[in-house]
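query_37.cif follows (mmCIF, C-alpha atoms):
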```cif
data_final
loop_
_atom_site.label_atom_id
_atom_site.label_comp_id
_atom_site.auth_asym_id
_atom_site.auth_seq_id
_atom_site.Cartn_x
_atom_site.Cartn_y
_atom_site.Cartn_z
CA MET S 191 84.30 42.88 181.38
CA LYS S 192 84.47 39.14 181.73
CA ILE S 193 83.97 36.86 178.72
CA THR S 194 82.74 33.43 179.52
CA SER S 195 82.08 30.54 177.27
CA CYS S 196 79.89 27.57 177.70
CA GLU S 197 81.24 24.10 176.94
CA HIS S 198 79.01 21.47 175.28
CA ASN S 199 80.68 18.10 174.80
CA GLY S 200 84.06 19.75 174.47
CA HIS S 201 82.90 22.42 171.98
CA SER S 202 82.56 26.04 172.92
CA GLU S 203 79.38 28.00 172.23
CA THR S 204 81.39 30.29 169.92
CA ASN S 205 82.51 27.35 167.76
CA LEU S 206 78.97 25.98 167.74
CA ASN S 207 77.57 29.35 166.54
CA ALA S 208 80.22 29.58 163.82
CA THR S 209 79.42 26.05 162.66
CA LEU S 210 75.67 26.79 162.57
CA PHE S 211 76.29 30.01 160.62
CA PHE S 212 78.48 28.15 158.10
CA LEU S 213 75.89 25.38 157.63
CA SER S 214 73.08 27.93 157.23
CA ALA S 215 75.09 29.85 154.60
CA LEU S 216 75.97 26.62 152.80
CA LEU S 217 72.31 25.57 152.73
CA PHE S 218 71.24 29.01 151.45
CA PHE S 219 73.75 29.15 148.61
CA THR S 220 73.22 25.55 147.49
CA THR S 221 69.46 26.06 147.16
CA LEU S 222 69.78 29.17 144.94
CA PRO S 223 69.16 28.47 141.24
CA LEU S 224 72.47 28.38 139.48
CA SER S 225 72.64 30.10 136.13
CA THR S 226 75.62 28.66 134.33
CA GLU S 227 74.42 29.95 130.99
CA ALA S 228 74.55 33.63 130.19
CA LYS S 229 71.49 35.20 128.59
CA ASP S 230 71.57 34.56 124.85
CA PRO S 231 72.38 37.91 123.20
CA LEU S 232 70.72 36.75 119.95
CA ALA S 233 67.39 35.92 121.63
CA PRO S 234 65.57 38.94 120.08
CA LEU S 235 66.44 37.62 116.60
CA LYS S 236 65.61 33.91 117.05
CA GLY S 237 62.89 32.79 114.64
CA ARG S 238 63.07 36.07 112.72
CA ILE S 239 64.36 37.00 109.30
CA ILE S 240 66.10 40.31 108.69
CA ILE S 241 65.12 41.52 105.22
CA ASN S 242 66.60 44.25 103.05
CA PRO S 243 66.55 45.14 99.34
CA SER S 244 70.37 45.53 99.53
CA THR S 245 73.15 43.37 100.92
CA ILE S 246 72.95 43.14 104.72
CA TYR S 247 76.08 44.20 106.59
CA VAL S 248 77.13 41.83 109.39
CA PRO S 249 79.04 43.77 112.08
CA ASP S 250 82.18 42.41 113.74
CA ASN S 251 81.29 43.96 117.10
CA SER S 252 79.04 41.58 119.04
CA GLU S 253 77.79 44.39 121.33
CA ASP S 254 76.09 46.16 118.41
CA PHE S 255 75.05 43.04 116.49
CA VAL S 256 71.35 42.84 117.40
CA ARG S 257 70.81 46.60 117.10
CA SER S 258 72.60 46.66 113.74
CA MET S 259 70.49 43.77 112.42
CA LEU S 260 67.22 45.36 113.54
CA ASP S 261 68.26 48.75 112.13
CA GLN S 262 68.89 47.17 108.72
CA HIS S 263 65.53 45.39 108.63
CA ASN S 264 63.56 46.87 105.72
CA PRO S 265 60.89 44.48 104.42
CA VAL S 266 59.69 46.84 101.66
CA ILE S 267 61.05 45.52 98.36
CA LYS S 268 60.57 47.29 95.03
CA PRO S 269 61.09 45.61 91.67
CA ASP S 270 64.26 46.22 89.68
CA PHE S 271 64.20 47.36 86.03
CA ASN S 272 63.41 43.74 84.96
CA GLY S 273 60.38 43.57 87.27
CA GLN S 274 62.13 41.17 89.66
CA TYR S 275 62.22 41.53 93.45
CA LYS S 276 65.63 40.80 94.99
CA ILE S 277 65.29 40.00 98.70
CA HIS S 278 68.47 39.86 100.79
CA TYR S 279 67.94 38.12 104.11
CA ILE S 280 69.50 36.63 107.23
CA ALA S 281 67.35 34.03 108.98
CA PHE S 282 68.00 33.28 112.66
CA PHE S 283 66.83 29.84 113.78
CA LYS S 284 65.44 29.12 117.25
CA ASN S 285 67.11 25.69 117.17
CA LYS S 286 69.55 23.80 114.98
CA PRO S 287 67.53 22.39 112.07
CA ASN S 288 69.29 18.97 112.07
CA THR S 289 68.81 18.58 108.35
CA LYS S 290 70.94 19.02 105.24
CA LYS S 291 68.51 21.23 103.34
CA LEU S 292 65.89 23.89 103.95
CA PHE S 293 63.34 25.54 101.72
CA VAL S 294 62.97 29.29 101.38
CA ILE S 295 59.54 30.39 100.19
CA VAL S 296 57.83 33.67 99.40
CA GLY S 297 54.11 33.02 99.58
CA SER S 298 50.74 34.23 100.79
CA LYS S 299 48.41 32.92 103.49
CA ASP S 300 46.13 31.35 100.89
CA GLY S 301 48.91 29.13 99.52
CA GLU S 302 50.06 31.19 96.55
CA VAL S 303 53.81 30.65 96.17
CA LEU S 304 55.68 33.34 94.24
CA GLN S 305 59.14 31.82 94.63
CA MET S 306 60.75 28.80 96.25
CA ALA S 307 64.36 27.72 96.62
CA GLU S 308 66.01 24.65 98.13
CA VAL S 309 69.08 25.59 100.17
CA PRO S 310 71.77 23.14 101.33
CA ILE S 311 72.91 23.72 104.93
CA LYS S 312 74.86 22.05 107.73
CA PRO S 313 72.68 20.28 110.33
CA ASP S 314 74.11 22.38 113.18
CA GLN S 315 73.77 25.72 111.37
CA THR S 316 71.79 28.39 113.26
CA THR S 317 71.64 31.18 110.64
CA LEU S 318 71.21 31.45 106.90
CA GLN S 319 72.32 34.49 104.91
CA SER S 320 71.46 34.66 101.24
CA PHE S 321 69.15 36.35 98.74
CA LEU S 322 66.16 35.27 96.71
CA ILE S 323 64.93 36.68 93.43
CA VAL S 324 61.15 36.70 93.11
CA GLU S 325 60.11 36.57 89.48
CA GLY S 326 56.40 36.04 90.11
CA LYS S 327 54.07 39.01 90.09
CA PRO S 328 52.55 39.95 93.44
CA LYS S 329 48.87 40.77 93.57
CA PRO S 330 47.79 44.22 94.78
CA GLY S 331 46.81 44.31 98.46
CA LYS S 332 48.19 40.85 99.25
CA THR S 333 50.49 40.20 102.17
CA TYR S 334 53.41 37.84 101.60
CA LYS S 335 55.70 36.00 103.98
CA LEU S 336 59.31 34.99 103.55
CA LYS S 337 59.59 31.62 105.27
CA VAL S 338 62.40 29.19 105.93
CA LEU S 339 60.98 25.67 106.20
CA LYS S 340 62.27 22.30 107.23
CA VAL S 341 60.48 19.39 105.56
CA LYS S 342 60.46 15.94 107.13
CA GLY S 343 58.32 13.44 105.31
CA LYS S 344 55.08 15.28 104.55
CA LYS S 345 55.39 17.64 107.51
CA GLU S 346 56.61 21.22 107.20
CA LYS S 347 58.10 23.10 110.13
CA ILE S 348 58.67 26.84 109.98
CA ILE S 349 62.21 27.62 111.17
CA ALA S 350 61.91 31.41 110.70
CA GLU S 351 59.49 33.79 109.00
CA GLU S 352 58.88 37.46 108.36
CA THR S 353 56.36 39.55 106.43
CA VAL S 354 57.74 41.04 103.21
CA HIS S 355 56.07 43.88 101.31
CA LEU S 356 56.48 43.51 97.56
CA LYS S 357 55.73 47.00 96.29
CA LEU S 358 53.85 47.40 93.07
CA VAL S 359 55.07 50.32 91.00
CA ALA S 360 53.90 51.74 87.69
CA GLY S 361 54.78 49.28 84.96
CA ASN S 362 54.55 46.12 87.08
CA GLY S 363 50.87 46.03 87.94
CA GLY S 364 50.84 49.12 90.18
CA LYS S 365 49.08 52.39 89.53
#
```

Give the structure from the file, written as structure tokens.
Amino acid sequence: MKITSCEHNGHSETNLNATLFFLSALLFFTTLPLSTEAKDPLAPLKGRIIINPSTIYVPDNSEDFVRSMLDQHNPVIKPDFNGQYKIHYIAFFKNKPNTKKLFVIVGSKDGEVLQMAEVPIKPDQTTLQSFLIVEGKPKPGKTYKLKVLKVKGKKEKIIAEETVHLKLVAGNGGK
């Protein structure tokens, strides 16, 4: 078997093919979209509020964090012996609020506000864990939302929100 090569301006056909292959590969890989950011593991929680009538446990293990948060979500809140509703929550913001205070509100669609609190935060904070005691009496059949709001001038922006069910029981307006 005889191997021959063809010379073009001092370059062999083998070198020319290798160069073309290298340039084609380089062009292919430089046109692929580069993903330098990993998928955000907290994405399923962004804009949501995890609610529970008891203190919410925050796991150390990042692999189980989202599942643990979702498993603890229990938006059904019953009144304590004083008729107050204690709502523990962790709010996850879609973006940094870039403000020094937020407002946490429990209210209905028609504008009824049962409870409101002003909360100091850091402008680059992306979560808020606290609790709120609702002293107002919910009305039977009404749906309420727990909202975290940013107020700038006269404009309100919802940072996170979740439906909360304030259960009426015998002795506090329930049957």

Report the residues retrieved by the PyMOL selection byres ((chain S and resi 354) around 9) from the displayed file, expressed as a compact mmCIF listing (two decimals) with C-alpha atoms, in the coordinates of the input.
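Result saved to expr29.txt:
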```txt
# COMPACT_ATOMS: atom_id res chain seq x y z
CA ILE S 241 65.12 41.52 105.22
CA ASN S 264 63.56 46.87 105.72
CA PRO S 265 60.89 44.48 104.42
CA VAL S 266 59.69 46.84 101.66
CA ILE S 267 61.05 45.52 98.36
CA ILE S 277 65.29 40.00 98.70
CA VAL S 296 57.83 33.67 99.40
CA THR S 333 50.49 40.20 102.17
CA TYR S 334 53.41 37.84 101.60
CA LYS S 335 55.70 36.00 103.98
CA LEU S 336 59.31 34.99 103.55
CA GLU S 352 58.88 37.46 108.36
CA THR S 353 56.36 39.55 106.43
CA HIS S 355 56.07 43.88 101.31
CA LEU S 356 56.48 43.51 97.56
```

Item to check | Within 10 Å of file point (65.5, 37.0, 118.0), counting all atoms listed in the file, expressed as a list in words | outcome: Asp230, Pro231, Leu232, Ala233, Pro234, Leu235, Lys236, Gly237, Arg238, Ile239, Ile240, Val256, Leu260, Ala281, Phe282, Phe283, Lys284 and Ala350 of chain S

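Here atom CA of Lys337 of chain S and atom CA of Tyr275 of chain S stand 15.6 Å from one another.
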
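Between atom CA of Val338 of chain S and atom CA of Lys312 of chain S the interatomic distance comes to 14.5 Å.
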
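In this comparison, which uses only C-alpha atoms, the residue of S:Thr317, S:Ser258, S:Asn251, S:Ser244 approaching Leu292 of chain S most closely is S:Thr317.
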
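Distance-wise, atom CA of Gly326 of chain S and atom CA of Gly273 of chain S end up 9.0 Å apart.
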
Checklist entry - Can you list, as a PyMOL selection string, every protein, DNA or RNA residue that comes within 10 Å of Val341 of chain S when you count all atoms listed in the file, leaving out same-chain residues fewer than 5 positions away? => result chain S and resi 289+291-293+346-348

Checklist entry - Exactly which residues make up the result of the PyMOL selection byres ((chain S and resi 327) around 12) on this file, given as an MDAnalysis selection string? => result chainID S and resid 268:269 272:275 296:297 302:305 323:326 328:330 332 334 356:359 361:364

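Shortest separation to Gln319 of chain S among S:Lys286, S:His263, S:His278, S:Arg257 occurs at residue S:His278, atoms counted being all atoms listed in the file.
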
N, CA and C atoms for segment 251-262 of chain S, written as a tab-separated table (two decimals), keeping the file's coordinate frame, could you do that?
```
chain	number	residue	atom	x	y	z
S	251	ASN	N	81.46	43.67	115.69
S	251	ASN	CA	81.29	43.96	117.10
S	251	ASN	C	80.03	43.28	117.62
S	252	SER	N	80.19	42.33	118.54
S	252	SER	CA	79.04	41.58	119.04
S	252	SER	C	78.12	42.45	119.89
S	253	GLU	N	78.63	43.51	120.50
S	253	GLU	CA	77.79	44.39	121.33
S	253	GLU	C	76.71	45.08	120.49
S	254	ASP	N	77.03	45.43	119.26
S	254	ASP	CA	76.09	46.16	118.41
S	254	ASP	C	75.37	45.26	117.42
S	255	PHE	N	75.56	43.95	117.50
S	255	PHE	CA	75.05	43.04	116.49
S	255	PHE	C	73.52	43.10	116.36
S	256	VAL	N	72.81	42.89	117.46
S	256	VAL	CA	71.35	42.84	117.40
S	256	VAL	C	70.79	44.18	116.94
S	257	ARG	N	71.29	45.28	117.50
S	257	ARG	CA	70.81	46.60	117.10
S	257	ARG	C	71.07	46.86	115.62
S	258	SER	N	72.26	46.46	115.15
S	258	SER	CA	72.60	46.66	113.74
S	258	SER	C	71.68	45.85	112.83
S	259	MET	N	71.39	44.61	113.22
S	259	MET	CA	70.49	43.77	112.42
S	259	MET	C	69.10	44.39	112.36
S	260	LEU	N	68.57	44.79	113.51
S	260	LEU	CA	67.22	45.36	113.54
S	260	LEU	C	67.15	46.69	112.79
S	261	ASP	N	68.22	47.49	112.86
S	261	ASP	CA	68.26	48.75	112.13
S	261	ASP	C	68.25	48.54	110.62
S	262	GLN	N	68.82	47.43	110.16
S	262	GLN	CA	68.89	47.17	108.72
S	262	GLN	C	67.62	46.51	108.17
```
